>>> print(open('coords_27.cif').read())   # mmCIF, C-alpha atoms
data_final
#
loop_
_atom_site.group_PDB
_atom_site.id
_atom_site.type_symbol
_atom_site.label_atom_id
_atom_site.label_comp_id
_atom_site.auth_asym_id
_atom_site.auth_seq_id
_atom_site.Cartn_x
_atom_site.Cartn_y
_atom_site.Cartn_z
ATOM 1 C CA MET J 1 0.000 0.000 0.000
ATOM 2 C CA LYS J 2 0.951 3.643 -0.372
ATOM 3 C CA PRO J 3 0.131 6.603 1.870
ATOM 4 C CA ALA J 4 -2.798 8.837 1.043
ATOM 5 C CA SER J 5 -1.858 12.126 -0.615
ATOM 6 C CA PHE J 6 -0.528 14.885 1.663
ATOM 7 C CA VAL J 7 1.156 18.269 1.449
ATOM 8 C CA TYR J 8 4.824 18.038 2.396
ATOM 9 C CA HIS J 9 6.416 20.831 4.471
ATOM 10 C CA ARG J 10 10.164 20.984 5.075
ATOM 11 C CA PRO J 11 10.920 23.950 7.362
ATOM 12 C CA THR J 12 14.509 25.074 7.855
ATOM 13 C CA ASP J 13 14.178 26.528 11.364
ATOM 14 C CA LEU J 14 12.016 26.137 14.429
ATOM 15 C CA GLY J 15 9.969 29.271 13.726
ATOM 16 C CA ASP J 16 8.985 27.992 10.285
ATOM 17 C CA ALA J 17 8.094 24.595 11.708
ATOM 18 C CA LEU J 18 5.856 26.095 14.373
ATOM 19 C CA ALA J 19 4.205 28.356 11.818
ATOM 20 C CA ALA J 20 3.465 25.359 9.584
ATOM 21 C CA LEU J 21 2.010 23.390 12.488
ATOM 22 C CA ALA J 22 -0.145 26.352 13.514
ATOM 23 C CA GLU J 23 -1.470 26.609 9.970
ATOM 24 C CA VAL J 24 -2.337 22.931 9.471
ATOM 25 C CA GLY J 25 -3.671 22.277 12.993
ATOM 26 C CA HIS J 26 -5.479 18.946 13.406
ATOM 27 C CA ASP J 27 -4.644 17.949 9.835
ATOM 28 C CA GLY J 28 -0.869 17.825 10.355
ATOM 29 C CA LYS J 29 1.664 15.255 11.518
ATOM 30 C CA VAL J 30 5.315 15.778 12.433
ATOM 31 C CA LEU J 31 7.977 13.659 10.727
ATOM 32 C CA ALA J 32 11.208 13.151 12.676
ATOM 33 C CA GLY J 33 12.581 9.592 12.570
ATOM 34 C CA GLY J 34 9.489 8.204 10.891
ATOM 35 C CA GLN J 35 10.027 4.664 12.190
ATOM 36 C CA SER J 36 6.489 4.569 13.590
ATOM 37 C CA LEU J 37 4.758 7.206 11.479
ATOM 38 C CA VAL J 38 5.750 5.962 8.017
ATOM 39 C CA PRO J 39 4.365 2.429 8.514
ATOM 40 C CA VAL J 40 1.150 3.927 9.896
ATOM 41 C CA LEU J 41 0.844 6.165 6.840
ATOM 42 C CA THR J 42 1.674 3.331 4.465
ATOM 43 C CA MET J 43 -1.036 1.122 5.948
ATOM 44 C CA ARG J 44 -3.400 4.135 5.874
ATOM 45 C CA LEU J 45 -4.128 3.843 9.556
ATOM 46 C CA ALA J 46 -3.671 7.623 9.471
ATOM 47 C CA ALA J 47 -4.156 9.983 6.563
ATOM 48 C CA PRO J 48 -3.084 13.522 7.531
ATOM 49 C CA GLY J 49 -3.385 16.211 4.916
ATOM 50 C CA HIS J 50 -0.009 17.725 5.838
ATOM 51 C CA LEU J 51 3.355 16.292 6.875
ATOM 52 C CA VAL J 52 5.823 18.640 8.596
ATOM 53 C CA ASP J 53 9.372 17.273 8.274
ATOM 54 C CA ILE J 54 11.604 18.694 11.036
ATOM 55 C CA ASN J 55 14.810 16.935 9.984
ATOM 56 C CA ARG J 56 16.496 20.196 8.974
ATOM 57 C CA LEU J 57 16.164 21.601 12.495
ATOM 58 C CA ALA J 58 19.698 20.660 13.534
ATOM 59 C CA GLU J 59 19.402 22.624 16.792
ATOM 60 C CA LEU J 60 17.004 19.934 18.047
ATOM 61 C CA ARG J 61 19.535 17.115 17.682
ATOM 62 C CA HIS J 62 21.261 17.159 21.042
ATOM 63 C CA VAL J 63 21.756 15.170 24.230
ATOM 64 C CA THR J 64 22.569 17.606 27.029
ATOM 65 C CA VAL J 65 23.743 16.495 30.464
ATOM 66 C CA THR J 66 23.363 18.794 33.457
ATOM 67 C CA GLY J 67 23.960 18.143 37.113
ATOM 68 C CA ASP J 68 20.476 16.802 37.720
ATOM 69 C CA ALA J 69 19.064 15.663 34.366
ATOM 70 C CA VAL J 70 19.619 14.478 30.812
ATOM 71 C CA ARG J 71 17.799 16.580 28.228
ATOM 72 C CA VAL J 72 17.165 14.985 24.844
ATOM 73 C CA GLY J 73 16.253 17.060 21.801
ATOM 74 C CA ALA J 74 13.513 16.132 19.352
ATOM 75 C CA LEU J 75 15.947 15.050 16.626
ATOM 76 C CA ALA J 76 18.327 13.037 18.815
ATOM 77 C CA ARG J 77 18.276 9.497 17.445
ATOM 78 C CA HIS J 78 18.014 6.507 19.738
ATOM 79 C CA THR J 79 21.585 5.666 18.855
ATOM 80 C CA ASP J 80 22.727 9.172 19.865
ATOM 81 C CA LEU J 81 21.338 8.583 23.337
ATOM 82 C CA GLU J 82 22.552 4.998 23.509
ATOM 83 C CA ARG J 83 26.144 5.983 22.699
ATOM 84 C CA ASP J 84 26.328 9.187 24.733
ATOM 85 C CA GLU J 85 28.929 8.535 27.430
ATOM 86 C CA PRO J 86 28.147 11.568 29.655
ATOM 87 C CA ALA J 87 24.464 10.564 29.671
ATOM 88 C CA TYR J 88 25.381 6.986 30.542
ATOM 89 C CA ALA J 89 27.653 8.147 33.342
ATOM 90 C CA VAL J 90 24.870 9.981 35.175
ATOM 91 C CA LEU J 91 21.838 7.945 34.078
ATOM 92 C CA PRO J 92 22.716 4.397 32.921
ATOM 93 C CA LEU J 93 19.058 3.359 32.673
ATOM 94 C CA LEU J 94 18.732 5.359 29.453
ATOM 95 C CA ARG J 95 21.256 3.180 27.630
ATOM 96 C CA ARG J 96 20.023 0.005 29.285
ATOM 97 C CA ALA J 97 16.503 0.589 27.993
ATOM 98 C CA THR J 98 17.362 2.150 24.633
ATOM 99 C CA ALA J 99 19.521 -0.842 23.713
ATOM 100 C CA HIS J 100 16.318 -2.906 23.603
ATOM 101 C CA VAL J 101 14.501 -0.617 21.166
ATOM 102 C CA ALA J 102 13.830 -2.687 18.024
ATOM 103 C CA HIS J 103 17.014 -3.202 15.941
ATOM 104 C CA ARG J 104 20.091 -1.059 15.455
ATOM 105 C CA THR J 105 19.008 0.058 11.980
ATOM 106 C CA ILE J 106 15.794 1.418 13.469
ATOM 107 C CA ARG J 107 17.628 3.031 16.381
ATOM 108 C CA ASN J 108 19.904 4.778 13.887
ATOM 109 C CA ARG J 109 16.899 6.672 12.537
ATOM 110 C CA GLY J 110 14.179 6.653 15.198
ATOM 111 C CA THR J 111 14.074 9.467 17.746
ATOM 112 C CA THR J 112 13.646 9.297 21.501
ATOM 113 C CA VAL J 113 11.177 12.184 21.681
ATOM 114 C CA GLY J 114 9.261 10.761 18.729
ATOM 115 C CA SER J 115 8.842 7.507 20.636
ATOM 116 C CA LEU J 116 7.448 9.442 23.594
ATOM 117 C CA VAL J 117 4.970 11.317 21.418
ATOM 118 C CA HIS J 118 3.887 8.090 19.705
ATOM 119 C CA ALA J 119 2.997 6.822 23.207
ATOM 120 C CA ASP J 120 3.059 3.137 22.440
ATOM 121 C CA PRO J 121 2.511 1.292 25.762
ATOM 122 C CA ALA J 122 4.859 -1.450 24.506
ATOM 123 C CA ALA J 123 7.742 0.989 23.918
ATOM 124 C CA GLU J 124 10.685 1.331 26.296
ATOM 125 C CA LEU J 125 11.268 5.088 26.437
ATOM 126 C CA PRO J 126 7.802 6.092 27.688
ATOM 127 C CA ALA J 127 8.272 3.745 30.661
ATOM 128 C CA VAL J 128 11.724 5.205 31.352
ATOM 129 C CA LEU J 129 10.368 8.755 31.327
ATOM 130 C CA ALA J 130 7.546 7.667 33.631
ATOM 131 C CA VAL J 131 9.665 5.824 36.199
ATOM 132 C CA LEU J 132 12.101 8.761 36.341
ATOM 133 C CA ALA J 133 9.222 11.259 36.655
ATOM 134 C CA GLY J 134 10.516 13.232 33.681
ATOM 135 C CA GLU J 135 8.756 15.763 31.478
ATOM 136 C CA VAL J 136 8.293 16.759 27.852
ATOM 137 C CA GLU J 137 8.659 20.327 26.575
ATOM 138 C CA LEU J 138 6.009 21.445 24.075
ATOM 139 C CA VAL J 139 6.124 24.725 22.161
ATOM 140 C CA ARG J 140 3.869 26.462 19.658
ATOM 141 C CA ALA J 141 3.937 29.527 17.414
ATOM 142 C CA GLY J 142 3.730 32.807 19.315
ATOM 143 C CA GLY J 143 5.936 31.698 22.189
ATOM 144 C CA GLY J 144 3.577 29.290 23.904
ATOM 145 C CA ARG J 145 5.406 26.691 26.002
ATOM 146 C CA ARG J 146 4.282 23.823 28.219
ATOM 147 C CA LEU J 147 6.255 21.421 30.388
ATOM 148 C CA VAL J 148 4.140 18.289 30.729
ATOM 149 C CA PRO J 149 5.128 15.744 33.401
ATOM 150 C CA ALA J 150 5.211 12.096 32.382
ATOM 151 C CA GLY J 151 2.242 11.300 34.589
ATOM 152 C CA GLU J 152 0.095 13.632 32.487
ATOM 153 C CA PHE J 153 1.746 13.133 29.102
ATOM 154 C CA PHE J 154 0.606 9.595 28.258
ATOM 155 C CA LEU J 155 -3.179 9.651 27.875
ATOM 156 C CA GLY J 156 -3.819 6.225 26.363
ATOM 157 C CA PRO J 157 -2.558 3.785 23.729
ATOM 158 C CA LEU J 158 -0.877 5.866 20.993
ATOM 159 C CA GLU J 159 -2.269 9.044 22.568
ATOM 160 C CA SER J 160 -0.095 11.737 24.122
ATOM 161 C CA ALA J 161 -0.787 15.206 25.483
ATOM 162 C CA VAL J 162 0.588 17.001 22.394
ATOM 163 C CA ARG J 163 -2.088 19.366 21.077
ATOM 164 C CA PRO J 164 -2.631 20.478 17.466
ATOM 165 C CA GLY J 165 -0.088 23.148 16.583
ATOM 166 C CA GLU J 166 2.402 22.026 19.239
ATOM 167 C CA LEU J 167 5.837 20.508 18.710
ATOM 168 C CA ALA J 168 7.594 18.359 21.299
ATOM 169 C CA VAL J 169 11.095 19.868 21.263
ATOM 170 C CA SER J 170 12.743 17.980 24.112
ATOM 171 C CA ALA J 171 12.345 15.513 26.953
ATOM 172 C CA THR J 172 14.014 15.774 30.345
ATOM 173 C CA PHE J 173 15.034 12.656 32.265
ATOM 174 C CA PRO J 174 15.901 13.504 35.909
ATOM 175 C CA VAL J 175 18.947 11.895 37.500
ATOM 176 C CA PRO J 176 17.909 9.745 40.505
ATOM 177 C CA PRO J 177 19.293 10.448 43.994
ATOM 178 C CA ALA J 178 22.795 9.383 44.949
ATOM 179 C CA GLY J 179 22.997 5.722 45.890
ATOM 180 C CA THR J 180 20.518 4.662 43.206
ATOM 181 C CA GLY J 181 21.120 1.752 40.864
ATOM 182 C CA SER J 182 19.079 0.702 37.874
ATOM 183 C CA ALA J 183 18.304 -2.284 35.691
ATOM 184 C CA TRP J 184 16.197 -3.010 32.637
ATOM 185 C CA LEU J 185 14.808 -6.431 31.736
ATOM 186 C CA GLU J 186 12.255 -7.489 29.155
ATOM 187 C CA LEU J 187 11.040 -10.642 27.491
ATOM 188 C CA SER J 188 10.065 -10.815 23.827
ATOM 189 C CA ARG J 189 9.500 -13.702 21.446
ATOM 190 C CA ARG J 190 12.400 -12.563 19.254
ATOM 191 C CA ARG J 191 15.136 -10.003 19.650
ATOM 192 C CA GLY J 192 13.787 -6.657 18.453
ATOM 193 C CA ASP J 193 10.104 -7.534 18.885
ATOM 194 C CA TYR J 194 7.940 -5.569 21.257
ATOM 195 C CA ALA J 195 8.276 -6.965 24.769
ATOM 196 C CA LEU J 196 5.582 -9.199 26.212
ATOM 197 C CA VAL J 197 6.559 -7.463 29.450
ATOM 198 C CA GLY J 198 9.400 -5.078 30.185
ATOM 199 C CA VAL J 199 10.468 -3.442 33.427
ATOM 200 C CA GLY J 200 12.913 -0.764 34.490
ATOM 201 C CA VAL J 201 13.751 -0.698 38.203
ATOM 202 C CA LEU J 202 15.429 1.944 40.358
ATOM 203 C CA VAL J 203 16.752 0.892 43.773
ATOM 204 C CA THR J 204 18.152 3.429 46.249
ATOM 205 C CA LEU J 205 20.401 2.362 49.126
ATOM 206 C CA ASP J 206 21.517 4.231 52.234
ATOM 207 C CA ALA J 207 25.086 4.383 53.569
ATOM 208 C CA GLU J 208 24.651 0.945 55.191
ATOM 209 C CA GLN J 209 23.500 -0.453 51.828
ATOM 210 C CA ARG J 210 19.967 -0.915 53.048
ATOM 211 C CA VAL J 211 17.054 -0.366 50.719
ATOM 212 C CA THR J 212 15.293 2.968 51.078
ATOM 213 C CA ARG J 213 13.329 3.062 47.810
ATOM 214 C CA VAL J 214 12.242 0.780 44.969
ATOM 215 C CA ARG J 215 10.462 2.180 41.946
ATOM 216 C CA ALA J 216 9.524 0.221 38.818
ATOM 217 C CA GLY J 217 8.149 1.186 35.402
ATOM 218 C CA TYR J 218 6.495 -1.294 33.036
ATOM 219 C CA VAL J 219 5.771 -1.731 29.338
ATOM 220 C CA SER J 220 3.103 -3.941 27.752
ATOM 221 C CA VAL J 221 1.172 -4.208 31.003
ATOM 222 C CA GLY J 222 -1.438 -1.468 30.574
ATOM 223 C CA PRO J 223 -2.703 1.192 28.156
ATOM 224 C CA THR J 224 -0.007 3.611 29.363
ATOM 225 C CA PRO J 225 3.315 3.137 31.162
ATOM 226 C CA ILE J 226 2.686 1.862 34.685
ATOM 227 C CA VAL J 227 4.847 2.982 37.607
ATOM 228 C CA LEU J 228 4.822 1.178 40.953
ATOM 229 C CA ASP J 229 6.422 1.967 44.303
ATOM 230 C CA LEU J 230 7.566 -1.369 45.722
ATOM 231 C CA THR J 231 9.545 -0.033 48.658
ATOM 232 C CA ASP J 232 7.329 -1.587 51.327
ATOM 233 C CA ALA J 233 8.298 -5.103 50.220
ATOM 234 C CA VAL J 234 11.998 -4.688 51.044
ATOM 235 C CA ALA J 235 12.457 -1.425 52.988
ATOM 236 C CA GLY J 236 15.345 -1.521 55.457
ATOM 237 C CA GLN J 237 16.831 -4.754 54.108
ATOM 238 C CA ARG J 238 20.398 -5.014 52.859
ATOM 239 C CA TYR J 239 20.533 -5.207 49.089
ATOM 240 C CA ASP J 240 22.300 -8.611 49.140
ATOM 241 C CA GLU J 241 19.792 -10.115 51.590
ATOM 242 C CA ALA J 242 16.601 -8.425 50.456
ATOM 243 C CA ALA J 243 13.493 -10.453 49.630
ATOM 244 C CA TRP J 244 13.395 -9.306 46.028
ATOM 245 C CA ALA J 245 10.877 -12.024 45.203
ATOM 246 C CA ALA J 246 8.504 -10.254 47.580
ATOM 247 C CA ALA J 247 8.859 -7.082 45.522
ATOM 248 C CA GLY J 248 7.984 -9.055 42.413
ATOM 249 C CA ALA J 249 5.019 -10.668 44.120
ATOM 250 C CA LEU J 250 3.757 -7.262 45.254
ATOM 251 C CA ALA J 251 4.062 -5.891 41.729
ATOM 252 C CA ALA J 252 2.028 -8.796 40.345
ATOM 253 C CA THR J 253 -0.853 -7.929 42.667
ATOM 254 C CA LEU J 254 -0.864 -4.305 41.524
ATOM 255 C CA VAL J 255 -1.027 -4.749 37.745
ATOM 256 C CA HIS J 256 -4.050 -5.650 35.653
ATOM 257 C CA PRO J 257 -2.805 -6.646 32.198
ATOM 258 C CA GLU J 258 -5.200 -7.578 29.431
ATOM 259 C CA GLU J 259 -5.110 -10.730 27.342
ATOM 260 C CA ASP J 260 -4.223 -10.453 23.655
ATOM 261 C CA ILE J 261 -2.979 -12.654 20.823
ATOM 262 C CA HIS J 262 0.552 -12.599 22.235
ATOM 263 C CA ALA J 263 -0.011 -13.565 25.876
ATOM 264 C CA THR J 264 -2.674 -14.234 28.463
ATOM 265 C CA ALA J 265 -3.206 -11.823 31.324
ATOM 266 C CA ALA J 266 -2.055 -14.500 33.781
ATOM 267 C CA TYR J 267 1.190 -15.038 31.890
ATOM 268 C CA ARG J 268 1.914 -11.318 31.801
ATOM 269 C CA ARG J 269 1.266 -11.089 35.532
ATOM 270 C CA HIS J 270 3.690 -13.981 36.055
ATOM 271 C CA LEU J 271 6.312 -12.192 33.961
ATOM 272 C CA VAL J 272 5.812 -9.046 36.030
ATOM 273 C CA ALA J 273 6.641 -10.988 39.184
ATOM 274 C CA VAL J 274 9.687 -12.752 37.743
ATOM 275 C CA LEU J 275 11.199 -9.832 35.834
ATOM 276 C CA THR J 276 10.609 -7.392 38.687
ATOM 277 C CA SER J 277 12.391 -9.551 41.243
ATOM 278 C CA ARG J 278 15.346 -10.150 38.903
ATOM 279 C CA ALA J 279 15.635 -6.536 37.807
ATOM 280 C CA ALA J 280 15.319 -5.253 41.370
ATOM 281 C CA GLN J 281 18.098 -7.577 42.530
ATOM 282 C CA ARG J 282 20.351 -6.345 39.711
ATOM 283 C CA ALA J 283 19.473 -2.716 40.417
ATOM 284 C CA GLY J 284 20.342 -3.223 44.081
ATOM 285 C CA ALA J 285 23.709 -4.692 43.132
ATOM 286 C CA ASP J 286 24.219 -1.813 40.701
ATOM 287 C CA ALA J 287 23.522 0.686 43.489
ATOM 288 C CA ALA J 288 26.068 -1.053 45.688
ATOM 289 C CA GLY J 289 28.618 -1.087 42.865
ATOM 290 C CA THR J 290 28.809 -4.876 42.702
ATOM 291 C CA GLY J 291 26.899 -5.553 39.485
ATOM 292 C CA ALA J 292 25.607 -4.114 36.223
ATOM 293 C CA GLY J 293 22.060 -3.418 35.171
ATOM 294 C CA THR J 294 22.162 -5.240 31.820
ATOM 295 C CA GLU J 295 22.816 -2.867 28.950
ATOM 296 C CA GLY J 296 21.835 -5.644 26.539
ATOM 297 C CA ALA J 297 23.049 -3.885 23.374
ATOM 298 C CA GLU J 298 23.264 -5.786 20.103
#
>>> encode(input="coords_27.cif", output="structure tokens")
Amino acid sequence: MKPASFVYHRPTDLGDALAALAEVGHDGKVLAGGQSLVPVLTMRLAAPGHLVDINRLAELRHVTVTGDAVRVGALARHTDLERDEPAYAVLPLLRRATAHVAHRTIRNRGTTVGSLVHADPAAELPAVLAVLAGEVELVRAGGGRRLVPAGEFFLGPLESAVRPGELAVSATFPVPPAGTGSAWLELSRRRGDYALVGVGVLVTLDAEQRVTRVRAGYVSVGPTPIVLDLTDAVAGQRYDEAAWAAAGALAATLVHPEEDIHATAAYRRHLVAVLTSRAAQRAGADAAGTGAGTEGAE
């Protein structure tokens, strides 16, 4: 199949892009990496009248590390984030999750912010933004600007908070507190497929290496990324003696996955328990400096 006819816009700066989006309104789509949008257009699951290609906006291709966050521009490719050493140094979970996004050829073109806007509940980056309590910056012509927290950004399957005329220009991923380790685990039928269940876990330890916080974000478990606080299951326990299986068991009681052609709800709940306990154990070891959180790159 071929896409339905559309008017193609190729702005050369941010002002032109915002002006084009303001003009086309509901009838426009933004093209960045195109790894999700182009297949949707080709299958005619969407038929916008206008396509605004932002690939000439070089100022939006950046990964910026500050003392307390990693800020990713709208044109930063997955591979840019995956290979960015300063970002990995302060926030390893970004690389650990991004390495599981599809295949390297797709990561070379797809964009991190585009994945957030696409809001696929089976995608890794929305769950990472959610578990880190990050935010997305939206701008529009005339100087309008909104900072939307992750908890309000993902509205439903393939539905984000971006309004007609707005452009998502960056996403901010906060750096967790000192003493925090991370891990990412997922299970898929084949490497590069969407995960049946995926989980990113953050574990924070005190000076005595006792658990003070456990936070987990999930993909393919609900219509939007799900974030759970599992601290009560292991609070006060040393990371190397903690009942991580109890954290997994608690998580399984808090999720309500739906059955589909890929897995039953019961199987997904089982995966939540198993993957959570394993990822939490690895994140605890990562926080203590005795283990890694599974980068898993190809």
>>> closest_residue(input="coords_27.cif", among="J:Ser5, J:Thr231, J:Thr180, J:Thr290", to="J:Ala47", atoms="all atoms listed in the file")
J:Ser5
>>> closest_atom_pairs(input="coords_27.cif", of="stretch 127-209 of chain J", to="stretch 8-21 of chain J", cutoff="8 Å", atoms="all atoms listed in the file", output="Markdown table")
| residue | atom | partner | partner_atom | distance |
| --- | --- | --- | --- | --- |
| J:Val139 | CA | J:Leu18 | CA | 7.9 |
| J:Arg140 | CA | J:Leu18 | CA | 5.7 |
| J:Ala141 | CA | J:Leu18 | CA | 5.0 |
| J:Pro164 | CA | J:Leu21 | CA | 7.4 |
| J:Gly165 | CA | J:Leu21 | CA | 4.6 |
| J:Glu166 | CA | J:Leu21 | CA | 6.9 |
| J:Leu167 | CA | J:Leu18 | CA | 7.1 |
>>> resolve_selection(input="coords_27.cif", expression="the PyMOL selection byres ((chain J and resi 153-163) around 10)", output="ChimeraX atom specification")
/J:25-26,115-122,126-127,129-130,134-140,146-152,164-168,222-225
>>> atom_distance(input="coords_27.cif", atom1="atom CA of J:Ser182", atom2="atom CA of J:Tyr239")
12.8 Å
>>> resolve_selection(input="coords_27.cif", expression="the PyMOL selection byres ((chain J and resi 170-175) around 9)", output="count of residues only")
30
>>> residues_around(input="coords_27.cif", residues="J:Ala242", least_positions_apart="5", cutoff="10 Å", atoms="all atoms listed in the file", output="JSON, numbers by chain")
{"J": [210, 211, 233, 234, 235, 236, 237, 247, 280, 281, 284]}
>>> decode(input="coords_27.cif", residues="stretch 3-14 of chain J", atoms="N, CA and C atoms", output="short mmCIF file (atom, residue, chain, number, x, y, z; two decimals), in the first residue's frame")
data_model
loop_
_atom_site.label_atom_id
_atom_site.label_comp_id
_atom_site.auth_asym_id
_atom_site.auth_seq_id
_atom_site.Cartn_x
_atom_site.Cartn_y
_atom_site.Cartn_z
N PRO J 3 0.85 5.62 1.07
CA PRO J 3 0.13 6.60 1.87
C PRO J 3 -0.87 7.39 1.03
N ALA J 4 -1.89 7.90 1.70
CA ALA J 4 -2.80 8.84 1.04
C ALA J 4 -2.04 10.12 0.73
N SER J 5 -2.53 10.89 -0.21
CA SER J 5 -1.86 12.13 -0.62
C SER J 5 -1.80 13.11 0.55
N PHE J 6 -0.68 13.85 0.64
CA PHE J 6 -0.53 14.88 1.66
C PHE J 6 0.36 15.99 1.12
N VAL J 7 0.28 17.14 1.76
CA VAL J 7 1.16 18.27 1.45
C VAL J 7 2.39 18.16 2.33
N TYR J 8 3.56 18.23 1.69
CA TYR J 8 4.82 18.04 2.40
C TYR J 8 5.45 19.39 2.72
N HIS J 9 5.76 19.60 4.01
CA HIS J 9 6.42 20.83 4.47
C HIS J 9 7.80 20.46 4.98
N ARG J 10 8.81 21.26 4.60
CA ARG J 10 10.16 20.98 5.08
C ARG J 10 10.79 22.28 5.60
N PRO J 11 10.40 22.70 6.80
CA PRO J 11 10.92 23.95 7.36
C PRO J 11 12.42 23.86 7.64
N THR J 12 13.06 25.03 7.63
CA THR J 12 14.51 25.07 7.86
C THR J 12 14.87 25.61 9.24
N ASP J 13 13.90 26.09 9.99
CA ASP J 13 14.18 26.53 11.36
C ASP J 13 12.93 26.30 12.21
N LEU J 14 13.10 26.44 13.51
CA LEU J 14 12.02 26.14 14.43
C LEU J 14 10.82 27.05 14.22
#
